[in-house]
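One structure below.
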Amino acid sequence: MRIGIFVGTFNPFTIGHASIVRRTLPLFDKLVIGVGVNTAKAGCTEEEVAARVEQIARLYATEEKIAVRSYSDLTVDFAQREGAQFIVKGVRSVKDFEYEREQADINRRLSGLETILLFAEPGMEAVSSSLVRELQRFGRDVSEFLVKD
């Protein structure tokens with residue numbers, strides 16, 4: 001069985017994230033969306049992550065190939081627990097590419113896992129969770145960047 005993991009903090013889960021899920025799904029028998037617990041980051045307490053896991057799971061409740069779980073250890077350890085052979089990451093820019101390339105190299109060295117990079121669809125290059133949080137902080141409507149339940 002081909003299993004991939006798509007990981008991030010997803011704070012919040014955006015239309016860019018949903019695009020990666022939709023485009024990745026045909027590649028795997030199972031896709032596990034891993035919501036990372038990173039207490040060093042704002043919005044990443046275990047309670048907040050549990051709420052995001054629940055919200056994302058609701059979005060994909062009818063998709064049998066998708067599971068949503070939280071994790072707080074190394075991505076490669078999470079992948080091993082899930083039986084995954086691939087890590088899926090989205091790339092919006094050269095800056096993202098360089099960061100993800102370095103992560104892919106380390107993850108491959110640690111575990112032998114391959115990383116699949118999917119480039120952002122046209123028009124989604126600027127959509128990021130950080131941008132959405134910043135707009136929310138200033139009271140702006142961010143509904144166009146979020147997945148509708």
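Quick note on naming: the chains in the structure tokens go A, B, ... in the order shown, residues restart at 1 in each chain, and ligands are numbered from 1 in order of appearance.
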
Original post:
Residues at most 12 Å from Val94 in chain A, counting only C-alpha atoms, excluding those fewer than 4 positions away in the same chain, as an NGL selection string?
Top reply: :A and (90 or 98-101 or 119-120 or 125)

Subject >> Which of chain A DSSP labels helix (DSSP H, G or I), written as a ChimeraX atom specification >> reply: /A:15-27,46-59,75-82,94-111,129-137,143-145

**OP:** Between A:Val7, A:Leu131, A:Ala84, A:Ala18, single out the one closest to Gly112 in chain A, counting only C-alpha atoms.
**Re:** A:Ala84

**OP:** Extract the full set of strand (DSSP E) residues from chain A according to DSSP on the backbone, and format it as a PyMOL selection string.
**Re:** chain A and resi 3-8+30-36+66-71+86-91+114-119

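The smallest atom-to-atom distance between Val88 in chain A and any of A:Ala104, A:Val49, A:Val132, A:Leu146, using only C-alpha atoms, is found for A:Ala104.
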
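Distance annotation: of A:Ile87, A:Ile20, A:Ile106, A:Val35, the residue with the minimal separation from Ser72 in chain A is A:Val35; atom set is only C-alpha atoms.
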
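With only C-alpha atoms as the basis for measurement, A:Asn38 is the residue among A:Asn38, A:Ala57, A:Arg52, A:Gly4 that approaches Leu74 in chain A most closely.
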
Subject >> Spatial neighbours of Leu25 in chain A, 12 Å, only C-alpha atoms, chain gap at least 2 places, as a PyMOL selection string >> reply: chain A and resi 2-6+18-23+27-33+60+63-67+88
